[in-house]
>>> print(open('entry_6.tsv').read())   # TSV, C-alpha atoms
chain	number	residue	atom	x	y	z
A	1	GLY	CA	-2.17	108.77	91.69
A	2	GLU	CA	-0.74	108.76	95.19
A	3	ASN	CA	-3.30	108.00	97.82
A	4	VAL	CA	-3.53	107.12	101.51
A	5	GLU	CA	-6.71	105.51	102.76
A	6	GLN	CA	-7.46	105.65	106.46
A	7	HIS	CA	-10.00	103.65	108.46
A	8	PRO	CA	-12.15	103.96	110.42
A	9	SER	CA	-13.32	107.54	110.08
A	10	THR	CA	-14.68	107.50	113.63
A	11	LEU	CA	-13.82	105.23	116.55
A	12	SER	CA	-15.32	105.15	120.03
A	13	VAL	CA	-13.69	103.09	122.79
A	14	GLN	CA	-14.12	102.79	126.51
A	15	GLU	CA	-11.40	104.24	128.68
A	16	GLY	CA	-8.70	101.64	129.23
A	17	ASP	CA	-9.45	99.77	126.01
A	18	SER	CA	-7.17	99.69	122.97
A	19	ALA	CA	-7.69	101.59	119.72
A	20	VAL	CA	-6.36	100.65	116.29
A	21	ILE	CA	-6.32	102.90	113.22
A	22	LYS	CA	-5.29	101.52	109.85
A	23	CYS	CA	-3.86	103.15	106.73
A	24	THR	CA	-3.08	101.85	103.27
A	25	TYR	CA	-0.79	103.67	100.85
A	26	SER	CA	-0.53	103.34	97.11
A	27	ASP	CA	2.99	104.58	96.29
A	28	SER	CA	5.44	101.71	96.74
A	29	ALA	CA	8.28	104.25	96.96
A	30	SER	CA	6.90	105.55	100.27
A	31	ASN	CA	9.41	105.01	103.04
A	32	TYR	CA	8.43	107.34	105.88
A	33	PHE	CA	5.15	107.14	107.78
A	34	PRO	CA	4.33	109.71	110.47
A	35	TRP	CA	1.20	109.86	112.61
A	36	TYR	CA	-0.27	113.14	113.80
A	37	LYS	CA	-2.77	113.94	116.53
A	38	GLN	CA	-4.94	117.03	116.06
A	39	GLU	CA	-7.12	118.29	118.88
A	40	LEU	CA	-10.01	120.57	118.06
A	41	GLY	CA	-8.77	123.97	116.91
A	42	LYS	CA	-5.13	123.06	117.37
A	43	ARG	CA	-2.19	122.20	115.15
A	44	PRO	CA	-1.37	118.62	114.13
A	45	GLN	CA	1.26	117.19	116.46
A	46	LEU	CA	3.64	114.40	115.52
A	47	ILE	CA	3.14	111.50	117.93
A	48	ILE	CA	5.14	108.71	116.34
A	49	ASP	CA	6.73	107.84	113.01
A	50	ILE	CA	8.26	104.80	111.35
A	51	ARG	CA	10.62	104.28	108.45
A	52	SER	CA	10.40	101.45	105.97
A	53	ASN	CA	13.44	99.62	107.31
A	54	VAL	CA	11.58	98.95	110.58
A	55	GLY	CA	8.50	96.79	111.08
A	56	GLU	CA	7.36	98.13	114.43
A	57	LYS	CA	8.05	101.03	116.75
A	58	LYS	CA	6.73	101.65	120.23
A	59	ASP	CA	6.64	104.68	122.49
A	60	GLN	CA	4.91	104.04	125.83
A	61	ARG	CA	1.20	103.47	125.06
A	62	ILE	CA	1.56	104.14	121.32
A	63	ALA	CA	2.90	101.75	118.72
A	64	VAL	CA	3.02	101.73	114.93
A	65	THR	CA	3.37	98.68	112.72
A	66	LEU	CA	4.30	98.59	109.04
A	67	ASN	CA	3.70	95.89	106.46
A	68	LYS	CA	5.56	96.98	103.34
A	69	THR	CA	4.41	94.03	101.27
A	70	ALA	CA	0.76	94.84	101.85
A	71	LYS	CA	1.41	98.60	101.96
A	72	HIS	CA	-0.38	98.85	105.30
A	73	PHE	CA	0.57	100.64	108.48
A	74	SER	CA	-1.36	100.92	111.71
A	75	LEU	CA	-1.44	102.97	114.90
A	76	HIS	CA	-2.11	101.15	118.16
A	77	ILE	CA	-3.02	103.01	121.34
A	78	THR	CA	-3.26	100.92	124.50
A	79	GLU	CA	-4.89	101.82	127.84
A	80	THR	CA	-6.72	104.71	126.23
A	81	GLN	CA	-7.44	107.81	128.29
A	82	PRO	CA	-9.97	110.63	127.72
A	83	GLU	CA	-7.11	112.94	126.70
A	84	ASP	CA	-6.42	110.62	123.76
A	85	SER	CA	-9.66	111.89	122.20
A	86	ALA	CA	-8.70	113.76	119.02
A	87	VAL	CA	-8.46	113.36	115.25
A	88	TYR	CA	-5.55	111.19	114.16
A	89	PHE	CA	-3.95	111.45	110.71
A	90	CYS	CA	-1.58	109.05	109.05
A	91	ALA	CA	0.73	110.21	106.28
A	92	ALA	CA	3.17	108.69	103.82
A	93	GLY	CA	6.21	110.11	102.10
A	94	GLY	CA	8.75	108.58	99.76
A	95	SER	CA	12.23	108.94	98.43
A	96	GLY	CA	12.52	111.39	95.58
A	97	THR	CA	9.61	113.41	96.89
A	98	TYR	CA	9.36	116.11	99.51
A	99	LYS	CA	5.66	115.86	100.20
A	100	TYR	CA	3.52	113.85	102.56
A	101	ILE	CA	0.21	112.40	101.50
A	102	PHE	CA	-2.20	112.49	104.42
A	103	GLY	CA	-5.09	110.19	105.18
A	104	THR	CA	-8.56	111.61	105.77
A	105	GLY	CA	-8.36	111.28	109.53
A	106	THR	CA	-9.92	109.21	112.30
A	107	ARG	CA	-11.93	110.86	115.05
A	108	LEU	CA	-11.20	108.92	118.23
A	109	LYS	CA	-13.51	109.30	121.20
A	110	VAL	CA	-12.48	107.75	124.49
A	111	LEU	CA	-15.50	107.37	126.73
A	112	ALA	CA	-14.92	107.72	130.47
B	113	ASP	CA	13.06	127.08	121.80
B	114	ALA	CA	10.62	128.85	119.52
B	115	GLY	CA	8.16	126.64	117.70
B	116	VAL	CA	6.55	127.27	114.33
B	117	THR	CA	4.59	130.50	114.23
B	118	GLN	CA	2.07	131.72	111.67
B	119	SER	CA	0.30	135.00	111.08
B	120	PRO	CA	-2.39	136.09	110.97
B	121	THR	CA	-4.52	133.68	113.00
B	122	HIS	CA	-7.72	134.44	111.14
B	123	LEU	CA	-8.46	136.28	107.93
B	124	ILE	CA	-11.62	137.14	106.05
B	125	LYS	CA	-11.36	138.08	102.38
B	126	THR	CA	-13.70	138.65	99.49
B	127	ARG	CA	-13.74	136.63	96.28
B	128	GLY	CA	-11.18	137.93	93.81
B	129	GLN	CA	-8.91	139.45	96.43
B	130	GLN	CA	-5.35	138.43	97.18
B	131	VAL	CA	-3.94	137.23	100.49
B	132	THR	CA	-0.48	136.71	102.00
B	133	LEU	CA	0.11	134.32	104.88
B	134	ARG	CA	3.34	134.17	106.85
B	135	CYS	CA	5.29	131.44	108.60
B	136	SER	CA	8.38	131.37	110.77
B	137	PRO	CA	9.93	127.93	111.15
B	138	LYS	CA	10.98	126.26	114.36
B	139	SER	CA	14.37	127.44	115.58
B	140	GLY	CA	17.11	125.55	113.73
B	141	HIS	CA	14.85	124.45	110.87
B	142	ASP	CA	15.50	125.53	107.29
B	143	THR	CA	12.64	123.95	105.32
B	144	VAL	CA	9.04	125.10	105.13
B	145	SER	CA	6.11	123.20	103.65
B	146	TRP	CA	2.63	124.61	103.19
B	147	TYR	CA	-0.60	122.64	103.46
B	148	GLN	CA	-4.27	123.40	102.97
B	149	GLN	CA	-6.67	121.67	105.35
B	150	ALA	CA	-10.35	121.84	104.46
B	151	LEU	CA	-12.86	121.18	107.24
B	152	GLY	CA	-12.95	117.50	108.13
B	153	GLN	CA	-10.11	116.59	105.78
B	154	GLY	CA	-6.44	115.81	106.05
B	155	PRO	CA	-3.84	118.41	105.10
B	156	GLN	CA	-3.16	118.70	101.37
B	157	PHE	CA	0.40	119.53	100.29
B	158	ILE	CA	0.74	122.84	98.45
B	159	PHE	CA	4.53	123.20	98.11
B	160	GLN	CA	7.83	123.07	99.96
B	161	TYR	CA	10.59	125.67	100.17
B	162	TYR	CA	14.23	124.94	100.85
B	163	GLU	CA	17.21	127.19	100.21
B	164	GLU	CA	14.78	129.85	99.01
B	165	GLU	CA	13.59	127.63	96.16
B	166	GLU	CA	10.29	125.84	95.59
B	167	ARG	CA	11.30	122.19	95.60
B	168	GLN	CA	8.03	120.47	94.91
B	169	ARG	CA	4.46	121.43	94.30
B	170	GLY	CA	1.20	119.65	94.93
B	171	ASN	CA	-1.94	119.81	92.78
B	172	PHE	CA	-2.62	123.49	93.28
B	173	PRO	CA	-3.03	126.13	90.55
B	174	ASP	CA	-0.59	128.94	89.87
B	175	ARG	CA	-2.77	131.25	91.91
B	176	PHE	CA	-0.89	129.76	94.84
B	177	SER	CA	2.66	131.02	95.05
B	178	GLY	CA	5.25	131.35	97.76
B	179	HIS	CA	8.56	132.66	98.84
B	180	GLN	CA	11.25	131.80	101.34
B	181	PHE	CA	13.50	134.44	102.82
B	182	PRO	CA	17.18	134.13	103.83
B	183	ASN	CA	16.10	133.75	107.48
B	184	TYR	CA	14.06	130.67	106.39
B	185	SER	CA	10.70	132.29	107.03
B	186	SER	CA	8.15	131.89	104.28
B	187	GLU	CA	5.08	133.46	102.72
B	188	LEU	CA	2.15	131.89	100.93
B	189	ASN	CA	0.32	134.10	98.45
B	190	VAL	CA	-3.05	133.30	96.95
B	191	ASN	CA	-4.42	135.45	94.11
B	192	ALA	CA	-7.93	135.75	92.75
B	193	LEU	CA	-9.47	134.08	95.80
B	194	LEU	CA	-12.31	131.63	95.31
B	195	LEU	CA	-14.90	130.52	97.85
B	196	GLY	CA	-13.27	127.08	97.74
B	197	ASP	CA	-10.01	128.53	99.05
B	198	SER	CA	-11.62	128.84	102.48
B	199	ALA	CA	-9.60	126.51	104.70
B	200	LEU	CA	-7.00	126.26	107.43
B	201	TYR	CA	-3.56	126.92	105.99
B	202	LEU	CA	-0.79	125.16	107.84
B	203	CYS	CA	2.91	125.54	107.51
B	204	ALA	CA	5.29	122.87	108.72
B	205	SER	CA	9.00	123.20	109.27
B	206	SER	CA	11.70	120.58	109.10
B	207	LEU	CA	15.43	120.32	108.73
B	208	GLY	CA	17.56	119.62	105.71
B	209	GLY	CA	15.02	119.64	102.94
B	210	GLY	CA	14.38	115.91	102.90
B	211	LEU	CA	11.68	113.78	104.41
B	212	GLY	CA	11.72	113.82	108.17
B	213	GLU	CA	9.95	115.12	111.20
B	214	GLN	CA	7.72	118.05	110.34
B	215	TYR	CA	6.43	120.39	113.00
B	216	PHE	CA	3.25	122.27	112.23
B	217	GLY	CA	2.33	125.82	113.06
B	218	PRO	CA	-1.07	126.74	114.53
B	219	GLY	CA	-2.43	127.63	111.10
B	220	THR	CA	-4.21	130.57	109.53
B	221	ARG	CA	-7.97	130.22	109.13
B	222	LEU	CA	-8.91	131.86	105.83
B	223	THR	CA	-12.54	132.57	105.07
B	224	VAL	CA	-13.46	133.78	101.58
B	225	THR	CA	-16.90	135.38	101.25
>>> encode(input="entry_6.tsv", output="structure tokens")
Amino acid sequence: GENVEQHPSTLSVQEGDSAVIKCTYSDSASNYFPWYKQELGKRPQLIIDIRSNVGEKKDQRIAVTLNKTAKHFSLHITETQPEDSAVYFCAAGGSGTYKYIFGTGTRLKVLA
Amino acid sequence: DAGVTQSPTHLIKTRGQQVTLRCSPKSGHDTVSWYQQALGQGPQFIFQYYEEEERQRGNFPDRFSGHQFPNYSSELNVNALLLGDSALYLCASSLGGGLGEQYFGPGTRLTVT
């Protein structure tokens, strides 16, 4: 069935370092890949997304890369700050479907 | 610009009871999707409503049902509650019924005892 694997489950980095979170999807029809940030007790917030016709997208300190052949996509956060600490979820959605399949989340801790 | 709102914030129910959760989409949005998020897990898709119709359903039993009103707001109903239904229920709104940016509400925390 459809599945999105996300790694690592937890990630600790020093402030100013980079963080990378990786996801693998199973449905080759997937063509839209959003990333959400969820702080404790709060709603998931869309931070960046990418469509399958693009290999990379960047927004300030956040970038997402997509490898359609390998069915991998990754979130890159540079110059991490303590306020980046949260749980990050990747998701995948495809044509002909109206649902997103979410990964299991990565808890990012940025140590000051 | 009003964001996605959900009510109630918290709810405690007993096994076997029924519950109704409500969602108002972001201003200008016409599509509502419902998700269940168990503790420590990613959101799981329940179903999506567009043009007052259920467009797609995830792997949830018929105990889970919904409705969308002409003003695009939506309800999620769960019958015969089980302990395993305890979770955060999130609604997300988007525009046009297809895949695109979804904006989540704050969620309703349901506890079944």
>>> interface_residues(input="entry_6.tsv", of="chain A", to="chain B", cutoff="9 Å", atoms="all atoms listed in the file", output="PyMOL selection string")
chain A and resi 32+34+41-46+49+89-90+93-105
>>> atom_distance(input="entry_6.tsv", atom1="CA of Gln6 in chain A", atom2="CA of Thr80 in chain A")
19.8 Å
>>> atom_distance(input="entry_6.tsv", atom1="CA of Leu75 in chain A", atom2="CA of Ser28 in chain A")
19.5 Å
>>> residues_around(input="entry_6.tsv", residues="Leu66 in chain A", least_positions_apart="5", cutoff="9 Å", atoms="all atoms listed in the file", output="number ranges by chain")
A: 33, 50-52, 54-57, 71-74
>>> closest_residue(input="entry_6.tsv", among="B:Leu195, B:Leu123, B:Val131, B:Ala150", to="Arg175 in chain B", atoms="all atoms listed in the file")
B:Val131
>>> atom_distance(input="entry_6.tsv", atom1="CA of Gln81 in chain A", atom2="CA of Ile62 in chain A")
12.0 Å
>>> residues_around(input="entry_6.tsv", residues="Ser177 in chain B", least_positions_apart="5", cutoff="8 Å", atoms="only C-alpha atoms", output="list in words")
Leu188, Asn189 and Val190 of chain B
>>> residues_around(input="entry_6.tsv", residues="Arg127 in chain B", least_positions_apart="2", cutoff="12 Å", atoms="all atoms listed in the file", output="PyMOL selection string")
chain B and resi 124-125+129-131+190-198+222-225
>>> residues_around(input="entry_6.tsv", residues="Gly115 in chain B", least_positions_apart="4", cutoff="7 Å", atoms="all atoms listed in the file", output="CSV table (one decimal) with C-alpha atoms, keeping the file's coordinate frame")
chain,number,residue,atom,x,y,z
B,137,PRO,CA,9.9,127.9,111.2
B,138,LYS,CA,11.0,126.3,114.4
B,139,SER,CA,14.4,127.4,115.6
>>> residues_around(input="entry_6.tsv", residues="Lys109 in chain A", least_positions_apart="5", cutoff="12 Å", atoms="all atoms listed in the file", output="VMD selection string")
chain A and resid 9 to 15 17 to 19 39 80 to 88
>>> write_last_selection(input="entry_6.tsv", atoms="C-alpha atoms", output="compact mmCIF listing (two decimals), in the coordinates of the input")
# COMPACT_ATOMS: atom_id res chain seq x y z
CA SER A 9 -13.32 107.54 110.08
CA THR A 10 -14.68 107.50 113.63
CA LEU A 11 -13.82 105.23 116.55
CA SER A 12 -15.32 105.15 120.03
CA VAL A 13 -13.69 103.09 122.79
CA GLN A 14 -14.12 102.79 126.51
CA GLU A 15 -11.40 104.24 128.68
CA ASP A 17 -9.45 99.77 126.01
CA SER A 18 -7.17 99.69 122.97
CA ALA A 19 -7.69 101.59 119.72
CA GLU A 39 -7.12 118.29 118.88
CA THR A 80 -6.72 104.71 126.23
CA GLN A 81 -7.44 107.81 128.29
CA PRO A 82 -9.97 110.63 127.72
CA GLU A 83 -7.11 112.94 126.70
CA ASP A 84 -6.42 110.62 123.76
CA SER A 85 -9.66 111.89 122.20
CA ALA A 86 -8.70 113.76 119.02
CA VAL A 87 -8.46 113.36 115.25
CA TYR A 88 -5.55 111.19 114.16
>>> residues_near_point(input="entry_6.tsv", point="(0.5, 94.9, 99.8)", cutoff="9 Å", atoms="all atoms listed in the file", output="ChimeraX atom specification")
/A:24-26,28,67-72
>>> closest_residue(input="entry_6.tsv", among="B:Glu187, B:Phe172, B:Gly208, B:Glu164", to="Arg134 in chain B", atoms="all atoms listed in the file")
B:Glu187
>>> closest_residue(input="entry_6.tsv", among="B:Ala199, B:Leu207, B:Leu133, B:Val116", to="Leu151 in chain B", atoms="all atoms listed in the file")
B:Ala199
